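Dropping final21.tsv in here (TSV, C-alpha atoms):
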chain	number	residue	atom	x	y	z
Q	1	MET	CA	81.33	63.69	46.81
Q	2	LYS	CA	85.02	63.07	46.22
Q	3	ARG	CA	85.38	62.58	49.96
Q	4	THR	CA	82.61	60.01	50.00
Q	5	LEU	CA	84.27	58.03	47.23
Q	6	PHE	CA	87.55	58.15	49.03
Q	7	PHE	CA	85.93	56.96	52.19
Q	8	ALA	CA	84.48	53.97	50.40
Q	9	ALA	CA	87.79	53.18	48.73
Q	10	SER	CA	89.83	53.41	51.87
Q	11	PHE	CA	87.27	52.01	54.23
Q	12	PHE	CA	89.51	49.12	55.11
Q	13	ALA	CA	92.60	51.19	55.70
Q	14	LEU	CA	90.69	53.63	57.89
Q	15	SER	CA	88.83	51.02	59.86
Q	16	ALA	CA	92.12	49.23	60.41
Q	17	ALA	CA	93.58	52.46	61.76
Q	18	ALA	CA	90.49	53.04	63.89
Q	19	SER	CA	90.68	49.62	65.43
Q	20	LEU	CA	94.35	50.18	66.21
Q	21	ILE	CA	93.48	53.30	68.12
Q	22	ALA	CA	90.63	51.61	69.93
Q	23	GLY	CA	93.01	48.78	70.76
Q	24	ALA	CA	90.52	46.26	69.44
Q	25	ALA	CA	92.99	44.22	67.41
Q	26	PRO	CA	95.48	42.57	69.78
Q	27	SER	CA	98.19	41.84	67.18
Q	28	THR	CA	98.54	45.51	66.19
Q	29	PRO	CA	100.73	48.20	67.75
Q	30	ALA	CA	97.91	50.09	69.45
Q	31	LYS	CA	100.07	51.80	72.03
Q	32	TRP	CA	101.43	54.67	69.96
Q	33	TRP	CA	102.57	56.58	73.07
Q	34	LYS	CA	105.08	53.80	73.76
Q	35	LEU	CA	106.99	54.98	70.69
Q	36	GLY	CA	107.91	57.94	72.87
Q	37	GLU	CA	110.07	55.69	75.06
Q	38	ARG	CA	113.62	56.93	74.98
Q	39	SER	CA	115.60	53.73	75.46
Q	40	GLY	CA	118.03	51.94	73.19
Q	41	SER	CA	119.68	53.61	70.23
Q	42	PRO	CA	118.07	56.20	67.94
Q	43	ALA	CA	118.27	53.59	65.17
Q	44	LYS	CA	116.15	51.26	67.29
Q	45	THR	CA	113.60	53.98	67.92
Q	46	ARG	CA	113.46	54.68	64.19
Q	47	ALA	CA	112.93	50.99	63.45
Q	48	ARG	CA	110.06	50.74	65.94
Q	49	ILE	CA	108.42	53.86	64.53
Q	50	THR	CA	108.80	52.68	60.94
Q	51	ARG	CA	107.32	49.32	61.90
Q	52	TYR	CA	104.36	51.05	63.52
Q	53	TYR	CA	103.46	52.83	60.30
Q	54	GLN	CA	104.23	49.81	58.13
Q	55	ARG	CA	101.77	47.70	60.10
Q	56	MET	CA	99.17	50.38	59.76
Q	57	PHE	CA	99.76	51.03	56.06
Q	58	PRO	CA	101.21	47.76	54.78
Q	59	ARG	CA	100.99	48.80	51.14
Q	60	LEU	CA	103.20	51.88	51.41
Q	61	THR	CA	106.88	51.76	50.50
Q	62	LEU	CA	109.36	53.86	52.45
Q	63	GLN	CA	109.55	56.32	49.53
Q	64	ASP	CA	105.78	56.83	49.60
Q	65	TYR	CA	106.14	58.64	52.92
Q	66	ALA	CA	107.68	61.60	51.09
Q	67	LEU	CA	104.13	62.33	49.90
Q	68	GLY	CA	102.87	63.12	53.41
Q	69	SER	CA	99.08	62.77	53.61
Q	70	GLY	CA	99.16	62.24	49.83
Q	71	ALA	CA	100.61	58.79	50.56
Q	72	LEU	CA	97.35	57.86	52.29
Q	73	SER	CA	94.86	59.12	49.72
Q	74	LYS	CA	94.78	59.40	45.93
Q	75	ASP	CA	92.54	62.47	46.18
Q	76	MET	CA	95.01	64.23	48.46
Q	77	ARG	CA	97.86	63.34	46.15
Q	78	ARG	CA	96.01	64.70	43.13
Q	79	GLN	CA	95.17	67.86	45.04
Q	80	ASP	CA	98.85	68.36	45.97
Q	81	GLU	CA	99.90	67.87	42.35
Q	82	GLU	CA	97.26	70.29	41.07
Q	83	LEU	CA	98.40	72.88	43.55
Q	84	GLY	CA	101.84	72.63	42.00
Q	85	ALA	CA	100.42	74.47	38.99
Q	86	PHE	CA	99.78	77.59	41.11
Q	87	SER	CA	102.96	77.32	43.06
Q	88	PRO	CA	105.29	80.29	42.99
Q	89	ALA	CA	108.05	77.79	43.66
Q	90	GLY	CA	109.76	78.60	40.35
Q	91	PHE	CA	110.15	82.25	41.35
Q	92	VAL	CA	111.38	81.30	44.79
Q	93	LEU	CA	113.99	78.99	43.29
Q	94	ASP	CA	115.14	81.69	40.85
Q	95	LYS	CA	115.34	84.21	43.64
Q	96	GLY	CA	117.26	81.73	45.79
Q	97	ALA	CA	119.68	80.97	42.95
Q	98	LYS	CA	120.36	84.69	42.42
Q	99	LEU	CA	120.99	85.30	46.10
Q	100	TRP	CA	123.15	82.18	46.24
Q	101	ARG	CA	125.43	83.44	43.50
Q	102	ARG	CA	125.68	87.03	44.65
Q	103	PRO	CA	129.31	87.56	45.75
Q	104	PHE	CA	130.10	88.46	49.37
Q	105	PRO	CA	132.24	91.58	50.06
Q	106	ASP	CA	135.32	89.31	50.15
Q	107	GLY	CA	134.55	87.89	46.71
Q	108	LYS	CA	133.44	84.48	48.02
Q	109	SER	CA	129.83	83.24	47.95
Q	110	TYR	CA	127.59	80.78	49.79
Q	111	ALA	CA	128.89	77.90	47.67
Q	112	SER	CA	132.28	78.26	49.37
Q	113	CYS	CA	130.77	77.22	52.71
Q	114	TYR	CA	129.52	73.81	51.55
Q	115	PRO	CA	131.28	70.77	50.18
Q	116	ASP	CA	130.86	70.40	46.42
Q	117	GLY	CA	129.39	73.90	46.20
Q	118	GLY	CA	126.29	72.73	48.06
Q	119	LYS	CA	125.41	69.84	45.74
Q	120	GLY	CA	123.92	67.04	47.85
Q	121	ALA	CA	124.75	68.90	51.07
Q	122	ALA	CA	121.16	69.25	52.28
Q	123	ALA	CA	120.77	65.47	52.54
Q	124	HIS	CA	123.08	65.62	55.57
Q	125	TYR	CA	121.17	68.42	57.28
Q	126	PRO	CA	120.36	69.03	59.99
Q	127	PHE	CA	123.37	67.64	61.80
Q	128	TYR	CA	124.59	67.83	65.36
Q	129	SER	CA	127.71	69.92	65.87
Q	130	ASP	CA	129.82	68.98	68.87
Q	131	ARG	CA	131.68	72.26	68.54
Q	132	GLN	CA	128.52	74.33	68.63
Q	133	GLN	CA	126.82	71.94	71.03
Q	134	GLY	CA	123.62	72.00	69.07
Q	135	VAL	CA	121.74	71.10	65.93
Q	136	VAL	CA	122.77	72.99	62.81
Q	137	THR	CA	119.92	73.41	60.33
Q	138	ILE	CA	120.27	74.84	56.83
Q	139	PRO	CA	119.11	78.34	57.77
Q	140	VAL	CA	121.54	78.35	60.72
Q	141	SER	CA	124.38	77.26	58.41
Q	142	LEU	CA	123.48	79.97	55.87
Q	143	ASN	CA	123.74	82.65	58.52
Q	144	ALA	CA	127.00	81.18	59.86
Q	145	CYS	CA	128.35	81.40	56.32
Q	146	ARG	CA	127.30	85.04	56.03
Q	147	GLU	CA	128.92	85.95	59.32
Q	148	LYS	CA	132.11	84.16	58.39
Q	149	HIS	CA	132.29	86.40	55.35
Q	150	GLY	CA	131.49	89.64	57.09
Q	151	LEU	CA	127.75	89.88	56.48
Q	152	LYS	CA	124.94	90.30	59.00
Q	153	PRO	CA	122.69	87.28	59.57
Q	154	LEU	CA	119.31	87.27	57.83
Q	155	PRO	CA	116.10	87.14	59.89
Q	156	TYR	CA	114.73	83.58	59.98
Q	157	GLY	CA	111.43	82.78	58.36
Q	158	LYS	CA	111.62	85.78	56.01
Q	159	PRO	CA	111.51	85.48	52.19
Q	160	GLU	CA	115.23	85.95	51.57
Q	161	ILE	CA	116.50	83.13	53.79
Q	162	VAL	CA	113.57	80.88	52.82
Q	163	ALA	CA	114.50	81.34	49.13
Q	164	LEU	CA	118.13	80.48	49.91
Q	165	GLU	CA	117.11	77.41	51.91
Q	166	THR	CA	114.77	76.31	49.11
Q	167	TYR	CA	117.50	76.65	46.51
Q	168	LEU	CA	120.21	74.93	48.55
Q	169	THR	CA	117.85	72.06	49.46
Q	170	SER	CA	116.82	71.67	45.82
Q	171	LEU	CA	120.47	70.92	45.02
Q	172	SER	CA	119.83	67.64	46.88
Q	173	ASN	CA	116.61	66.76	45.05
Q	174	GLY	CA	116.65	63.05	44.32
Q	175	ALA	CA	119.13	62.32	47.11
Q	176	PRO	CA	118.07	60.22	50.08
Q	177	ILE	CA	118.03	61.87	53.51
Q	178	ALA	CA	121.21	60.76	55.29
Q	179	VAL	CA	121.26	62.12	58.83
Q	180	GLU	CA	123.34	60.51	61.56
Q	181	ALA	CA	123.09	60.47	65.34
Q	182	ARG	CA	126.33	58.97	66.63
Q	183	SER	CA	127.92	61.30	69.17
Q	184	GLN	CA	126.55	61.63	72.68
Q	185	GLY	CA	125.36	65.13	71.91
Q	186	ALA	CA	123.59	63.98	68.73
Q	187	VAL	CA	121.77	61.25	70.63
Q	188	ARG	CA	120.74	63.79	73.26
Q	189	ALA	CA	119.40	66.15	70.58
Q	190	PHE	CA	117.48	63.30	68.94
Q	191	ARG	CA	115.96	62.33	72.29
Q	192	ALA	CA	115.06	65.93	73.05
Q	193	GLY	CA	113.24	66.17	69.70
Q	194	GLN	CA	111.45	62.90	70.40
Q	195	GLU	CA	110.49	64.06	73.88
Q	196	PHE	CA	109.03	67.25	72.45
Q	197	PHE	CA	107.10	65.32	69.82
Q	198	PHE	CA	105.46	63.13	72.46
Q	199	ARG	CA	104.83	65.78	75.11
Q	200	ASP	CA	101.28	67.01	75.72
Q	201	GLU	CA	101.25	70.72	75.01
Q	202	GLY	CA	98.94	73.70	74.95
Q	203	GLN	CA	95.50	74.23	76.33
Q	204	LEU	CA	94.20	71.28	74.32
Q	205	GLY	CA	96.84	69.11	75.97
Q	206	LEU	CA	97.73	67.15	72.84
Q	207	ALA	CA	101.15	66.03	71.64
Q	208	CYS	CA	102.46	66.18	68.09
Q	209	ALA	CA	102.36	62.39	68.33
Q	210	SER	CA	98.66	62.37	69.34
Q	211	CYS	CA	97.75	63.49	65.84
Q	212	HIS	CA	100.65	62.23	63.71
Q	213	PHE	CA	100.84	58.78	65.37
Q	214	GLY	CA	97.65	58.30	67.39
Q	215	ALA	CA	95.26	59.66	64.78
Q	216	VAL	CA	97.36	59.26	61.61
Q	217	GLY	CA	95.23	58.44	58.57
Q	218	HIS	CA	92.16	60.05	60.13
Q	219	TYR	CA	90.62	63.35	59.21
Q	220	LEU	CA	90.84	66.42	61.40
Q	221	ARG	CA	87.98	68.30	59.75
Q	222	ALA	CA	88.96	68.07	56.09
Q	223	GLN	CA	92.66	67.55	56.73
Q	224	LEU	CA	94.11	64.07	56.49
Q	225	LEU	CA	96.67	63.52	59.26
Q	226	SER	CA	100.08	62.57	57.87
Q	227	PRO	CA	102.74	60.27	59.33
Q	228	ALA	CA	105.84	61.73	60.99
Q	229	LEU	CA	108.00	59.63	58.71
Q	230	GLY	CA	109.33	61.68	55.78
Q	231	MET	CA	107.93	64.99	57.04
Q	232	THR	CA	111.14	66.86	56.26
Q	233	ALA	CA	111.57	65.57	52.68
Q	234	THR	CA	109.42	68.23	50.98
Q	235	PHE	CA	110.25	71.33	53.02
Q	236	PRO	CA	110.44	74.20	52.20
Q	237	LYS	CA	106.99	73.73	50.79
Q	238	TYR	CA	104.41	75.83	48.97
Q	239	ARG	CA	101.17	75.89	50.93
Q	240	MET	CA	98.03	77.35	49.45
Q	241	LYS	CA	96.94	78.46	52.90
Q	242	TRP	CA	100.15	80.45	53.32
Q	243	GLY	CA	100.14	81.65	49.73
Q	244	LYS	CA	103.89	81.19	49.72
Q	245	VAL	CA	106.77	78.80	50.21
Q	246	GLY	CA	107.47	78.24	53.91
Q	247	THR	CA	109.78	76.23	56.13
Q	248	ILE	CA	109.01	73.28	58.37
Q	249	ASP	CA	109.38	75.60	61.36
Q	250	GLN	CA	106.45	77.60	60.03
Q	251	ARG	CA	104.45	74.36	60.06
Q	252	PHE	CA	105.59	73.62	63.63
Q	253	ARG	CA	104.29	77.04	64.63
Q	254	GLY	CA	100.95	76.36	62.96
Q	255	CYS	CA	100.55	73.00	64.67
Q	256	GLN	CA	101.45	74.51	68.04
Q	257	LYS	CA	98.80	77.19	67.56
Q	258	LYS	CA	96.29	74.48	66.69
Q	259	ILE	CA	96.68	72.97	70.16
Q	260	ARG	CA	96.75	76.48	71.67
Q	261	ALA	CA	100.38	76.26	72.69
Q	262	LYS	CA	102.72	79.22	72.38
Q	263	PRO	CA	104.58	78.95	69.07
Q	264	GLU	CA	108.37	79.23	69.31
Q	265	PRO	CA	110.64	81.50	67.29
Q	266	PHE	CA	112.07	80.10	64.06
Q	267	GLU	CA	115.16	77.93	64.60
Q	268	SER	CA	114.64	77.78	68.38
Q	269	VAL	CA	116.52	75.01	70.18
Q	270	ASN	CA	113.32	72.94	70.40
Q	271	TYR	CA	112.51	73.37	66.72
Q	272	ARG	CA	116.04	72.47	65.67
Q	273	ASN	CA	115.87	69.31	67.81
Q	274	LEU	CA	112.48	68.51	66.27
Q	275	GLN	CA	113.89	68.94	62.75
Q	276	PHE	CA	116.78	66.67	63.66
Q	277	PHE	CA	114.49	64.02	65.14
Q	278	LEU	CA	112.16	64.04	62.11
Q	279	ALA	CA	114.97	64.08	59.54
Q	280	TYR	CA	116.65	61.14	61.28
Q	281	LEU	CA	113.36	59.19	61.17
Q	282	GLY	CA	113.15	59.92	57.43
Q	283	ASP	CA	116.55	58.41	56.67
Q	284	GLY	CA	116.63	57.07	53.11
Q	285	ILE	CA	113.56	58.96	51.93
Q	286	THR	CA	114.20	61.02	48.80
Q	287	ILE	CA	114.29	64.80	48.99
Q	288	LYS	CA	111.92	66.67	46.67
Q	289	VAL	CA	111.80	70.39	47.24
Q	290	PRO	CA	109.82	72.60	47.11
Q	291	GLY	CA	106.78	70.48	47.97
Q	292	ASN	CA	103.16	71.47	47.42
Q	293	GLY	CA	100.19	71.22	49.72
Q	294	PRO	CA	96.90	72.75	50.78
K	1	MET	CA	74.37	56.99	116.28
K	2	PRO	CA	75.69	60.03	114.51
K	3	ALA	CA	77.85	57.97	112.16
K	4	SER	CA	75.01	55.87	110.77
K	5	SER	CA	72.59	58.75	110.55
K	6	ASN	CA	75.33	60.55	108.68
K	7	ARG	CA	75.56	57.63	106.31
K	8	ILE	CA	71.80	57.64	105.86
K	9	SER	CA	71.67	61.33	105.15
K	10	ARG	CA	74.53	60.97	102.70
K	11	ALA	CA	72.69	58.18	100.90
K	12	PHE	CA	69.61	60.35	100.92
K	13	ALA	CA	71.54	63.27	99.46
K	14	ALA	CA	72.99	61.01	96.78
K	15	ALA	CA	69.53	59.75	95.88
K	16	LEU	CA	68.32	63.33	95.69
K	17	ALA	CA	71.24	64.22	93.43
K	18	VAL	CA	70.37	61.35	91.09
K	19	LEU	CA	66.76	62.48	91.05
K	20	ALA	CA	67.83	66.03	90.37
K	21	ALA	CA	70.11	64.88	87.55
K	22	GLY	CA	67.24	62.84	86.12
K	23	ALA	CA	64.94	65.82	86.35
K	24	ALA	CA	67.59	68.02	84.72
K	25	ALA	CA	67.89	65.48	81.91
K	26	HIS	CA	64.27	66.04	81.08
K	27	ALA	CA	64.37	69.71	81.87
K	28	ALA	CA	67.21	70.68	79.49
K	29	SER	CA	65.89	73.88	77.99
K	30	PRO	CA	65.89	74.44	74.23
K	31	ALA	CA	68.18	77.38	74.91
K	32	ALA	CA	70.74	75.19	76.69
K	33	ILE	CA	70.59	72.64	73.86
K	34	ALA	CA	71.06	75.36	71.26
K	35	SER	CA	74.05	76.81	73.15
K	36	GLY	CA	75.52	73.31	73.45
K	37	LYS	CA	75.25	72.78	69.72
K	38	LYS	CA	76.85	76.14	69.03
K	39	ILE	CA	79.78	75.25	71.30
K	40	ALA	CA	80.19	71.82	69.70
K	41	PHE	CA	80.32	73.35	66.21
K	42	SER	CA	82.42	76.41	67.02
K	43	ARG	CA	86.07	76.35	66.03
K	44	LYS	CA	86.96	78.61	68.95
K	45	LYS	CA	85.01	76.64	71.58
K	46	GLY	CA	84.43	72.86	71.55
K	47	ASN	CA	85.24	72.25	67.89
K	48	CYS	CA	83.95	68.72	68.43
K	49	ILE	CA	83.26	68.34	64.70
K	50	ALA	CA	86.98	68.63	63.98
K	51	CYS	CA	87.07	65.02	65.23
K	52	HIS	CA	83.44	63.81	65.41
K	53	SER	CA	80.61	63.59	62.95
K	54	LEU	CA	77.45	65.21	64.32
K	55	PRO	CA	74.09	65.72	62.57
K	56	GLY	CA	74.36	68.71	60.24
K	57	ALA	CA	78.13	69.10	60.41
K	58	ALA	CA	79.82	69.97	57.11
K	59	MET	CA	83.11	68.15	56.48
K	60	PRO	CA	83.46	66.71	59.98
K	61	GLY	CA	86.62	64.86	60.99
K	62	ASN	CA	86.78	61.22	62.03
K	63	VAL	CA	89.51	61.10	64.65
K	64	GLY	CA	86.78	60.09	67.12
K	65	PRO	CA	83.59	58.06	66.59
K	66	ARG	CA	80.35	59.46	65.19
K	67	LEU	CA	78.18	60.94	67.95
K	68	GLY	CA	74.46	60.28	68.06
K	69	PRO	CA	71.58	59.19	70.33
K	70	TRP	CA	73.41	55.96	71.20
K	71	ILE	CA	75.77	57.83	73.49
K	72	LYS	CA	72.97	57.67	76.07
K	73	SER	CA	73.75	53.97	76.36
K	74	VAL	CA	77.52	54.57	76.43
K	75	PHE	CA	77.13	56.96	79.36
K	76	ARG	CA	74.47	55.94	81.83
K	77	THR	CA	73.85	59.47	83.04
K	78	LYS	CA	74.31	62.91	81.63
K	79	GLN	CA	76.57	63.63	84.58
K	80	ASP	CA	78.85	60.75	83.48
K	81	LEU	CA	79.06	62.38	80.08
K	82	VAL	CA	79.94	65.74	81.61
K	83	GLN	CA	82.60	63.97	83.66
K	84	TYR	CA	84.00	62.37	80.50
K	85	LEU	CA	84.16	65.68	78.66
K	86	TYR	CA	85.84	67.23	81.70
K	87	ASP	CA	88.76	64.77	81.45
K	88	PRO	CA	88.43	61.97	78.86
K	89	GLN	CA	91.89	60.64	79.68
K	90	ALA	CA	90.73	59.74	83.17
K	91	LYS	CA	88.49	57.13	81.52
K	92	VAL	CA	90.53	56.27	78.41
K	93	PRO	CA	94.26	56.86	78.98
K	94	HIS	CA	96.05	58.57	76.03
K	95	VAL	CA	92.81	59.21	74.16
K	96	VAL	CA	93.36	61.86	71.46
K	97	MET	CA	90.70	64.22	72.81
K	98	PRO	CA	91.24	67.45	74.76
K	99	LYS	CA	90.48	67.69	78.47
K	100	PHE	CA	87.78	70.27	77.99
K	101	GLY	CA	87.10	70.90	81.68
K	102	LYS	CA	90.38	70.10	83.36
K	103	ASN	CA	92.31	72.34	80.94
K	104	ASP	CA	89.73	75.15	81.12
K	105	VAL	CA	88.83	74.96	77.46
K	106	LEU	CA	85.13	75.07	78.40
K	107	THR	CA	83.41	76.16	81.62
K	108	GLU	CA	81.25	73.83	83.71
K	109	THR	CA	78.15	75.53	82.34
K	110	GLU	CA	79.37	75.09	78.78
K	111	LEU	CA	80.18	71.41	79.41
K	112	ARG	CA	76.67	70.87	80.75
K	113	GLN	CA	75.18	72.61	77.72
K	114	VAL	CA	77.20	70.40	75.37
K	115	ALA	CA	75.98	67.36	77.31
K	116	ASP	CA	72.39	68.65	77.08
K	117	TYR	CA	72.83	68.95	73.34
K	118	LEU	CA	74.33	65.45	72.90
K	119	TRP	CA	71.60	64.00	75.11
K	120	SER	CA	68.95	65.62	72.91
K	121	LEU	CA	70.16	63.96	69.68
K	122	LYS	CA	67.47	61.90	67.98
K	123	ARG	CA	67.62	59.23	65.32
Go through the file and emit its structure as structure tokens.
Amino acid sequence: MKRTLFFAASFFALSAAASLIAGAAPSTPAKWWKLGERSGSPAKTRARITRYYQRMFPRLTLQDYALGSGALSKDMRRQDEELGAFSPAGFVLDKGAKLWRRPFPDGKSYASCYPDGGKGAAAHYPFYSDRQQGVVTIPVSLNACREKHGLKPLPYGKPEIVALETYLTSLSNGAPIAVEARSQGAVRAFRAGQEFFFRDEGQLGLACASCHFGAVGHYLRAQLLSPALGMTATFPKYRMKWGKVGTIDQRFRGCQKKIRAKPEPFESVNYRNLQFFLAYLGDGITIKVPGNGP
Amino acid sequence: MPASSNRISRAFAAALAVLAAGAAAHAASPAAIASGKKIAFSRKKGNCIACHSLPGAAMPGNVGPRLGPWIKSVFRTKQDLVQYLYDPQAKVPHVVMPKFGKNDVLTETELRQVADYLWSLKR
């Protein structure tokens, strides 16, 4: 019933999206796969991608994209908010804060590894490190910090490091994402993430972009497909389906399984490039962690 | 002339194939139609209702258009429909629909059963 009402309310938005995909309206950016072109600067790519969504959803502001599929439907947004009531996010934050403050054997703690004790740091993650020749995500930086202070790295994707990432990211709540891609290596990492996002994968032969650009705003079964813009702003996120707070890499794994592709290990090179690509696209969108969703 | 007789026999074979396809269209067994429907609704198999509304589907998606009896006018023959399901991108480049045959998601038999099912849809 709720669905039916929503359909009626958003009939115009959806039919506009449908006609874009069918290529019926000549003045609209129907050719979503062209956004996969890797020419010009990353900033230019971001502008073209932002314009694509803005034409499709003219009433959304940039900040609205932090809501994911909730930006496209009031019902979805309400559902996300209601889920917040069941979210164990408070416990995860407390746990993260405790771990964060626990002193290392040398007396230092995580805070010593980040400017300003970690306040606002997450807004600049992930970043490309010329020295390490790769993308440094928050979990990677947490483990680097541990190793620097004589501790073993934590296994990625497990509760301890997820709690730490959630806490550290929450210290940037309210700050706009500010990720740069200036150096040659950074541009390469951005392009690699973009290439991955637009590459057909798995037995179903679909790309991330097929769903999150080509079919954005449409329903896959009962799930409303969200835009790629702002995807990183609410991760780590509590998902009812997971019954816990999880990272964006966990979501990548889920989406890869959906198209019957082999999911990659947490913080793999491809996933770090993907995180970098998506965070760069979301430049200026406000961080709000932990998010909530179905 | 061997060449022209060859051509004639090829034309004859093609005509026969069309006839056979036509006959098959009428001859789709209830069992084949039922299997086709099962495949279309199954998450592990076709999962067509993830993207298409079909009669009786609960909470179908809408990535693709609603499917109904009108598809018989979109595809002239059932074989054309099978061909489309085999590799939709061959007809519509970049379409957000899996290549069910080309990528071995469904077997030829399964594709034909799905086509039998779609062809059997009534108003």
Residues of chain K within 7 Å of chain Q, using all atoms listed in the file, as a ChimeraX atom specification? /K:49-51,59-63,96,98-99,103,105
What's the 9 Å shell around K:Ser29, counting all atoms listed in the file, without same-chain residues fewer than 4 positions away, as a list in words? Ile33, Ala34 and Asp116 of chain K
Counting only C-alpha atoms, find residues at most 8 Å from (118.8, 61.1, 49.2) (file frame) and give them as a tab-separated table (two decimals) with C-alpha atoms, in the coordinates of the input.
chain	number	residue	atom	x	y	z
Q	120	GLY	CA	123.92	67.04	47.85
Q	123	ALA	CA	120.77	65.47	52.54
Q	172	SER	CA	119.83	67.64	46.88
Q	173	ASN	CA	116.61	66.76	45.05
Q	174	GLY	CA	116.65	63.05	44.32
Q	175	ALA	CA	119.13	62.32	47.11
Q	176	PRO	CA	118.07	60.22	50.08
Q	177	ILE	CA	118.03	61.87	53.51
Q	178	ALA	CA	121.21	60.76	55.29
Q	284	GLY	CA	116.63	57.07	53.11
Q	285	ILE	CA	113.56	58.96	51.93
Q	286	THR	CA	114.20	61.02	48.80
Q	287	ILE	CA	114.29	64.80	48.99
Record the distance separating atom CA of K:Gly101 and atom CA of K:Gly46, expressed in Å with one decimal.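 Separation of atom CA of K:Gly101 and atom CA of K:Gly46: 10.7 Å.
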Neighbouring residues of stretch 118-120 of chain K were defined as those with any atom within 8 Å, considering all atoms listed in the file; residues of the same chain fewer than 5 positions away were excluded. Please report them as a PyMOL selection string. chain K and resi 25+33+36+67-69+71-72+78
Using atom CA of Q:Asn270 and atom CA of Q:Gln63 as the two end points, give the distance in Å to one decimal.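 Separation of atom CA of Q:Asn270 and atom CA of Q:Gln63: 26.9 Å.
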Using atom CA of Q:Leu99 and atom CA of Q:Ala144 as the two end points, give the distance in Å to one decimal. 15.6 Å
Taking into account all atoms listed in the file, which residue in the set K:Leu81, K:Lys45, K:Pro88, K:Val74 is nearest to K:Tyr117?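 Of K:Leu81, K:Lys45, K:Pro88, K:Val74, the one nearest K:Tyr117 is K:Leu81, counting all atoms listed in the file.
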Let me make sure I understand: among K:Phe41, K:Thr77, K:Arg123, K:Cys48, which one has the smallest atom-to-atom distance to K:Phe100 if we use only C-alpha atoms?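 So, comparing all the options, the nearest one is K:Cys48.
Closest to Q:Pro290 among Q:Arg239, Q:Lys119, Q:Arg251, Q:Lys262 is Q:Arg239, based on all atoms listed in the file.
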For Q:Glu195, which of Q:Cys208, Q:Leu229, Q:Val289, Q:Ala261 is the closest residue, counting all atoms listed in the file? Q:Cys208
Need the shell around Q:Gln133: protein/DNA/RNA residues with any atom at most 12 Å away, counting all atoms listed in the file. Skip same-chain ones fewer than 6 positions apart. Format as a list in words? Phe127, Ser183, Gln184, Gly185, Ala186, Val187, Arg188, Ala189, Val269 and Asn273 of chain Q
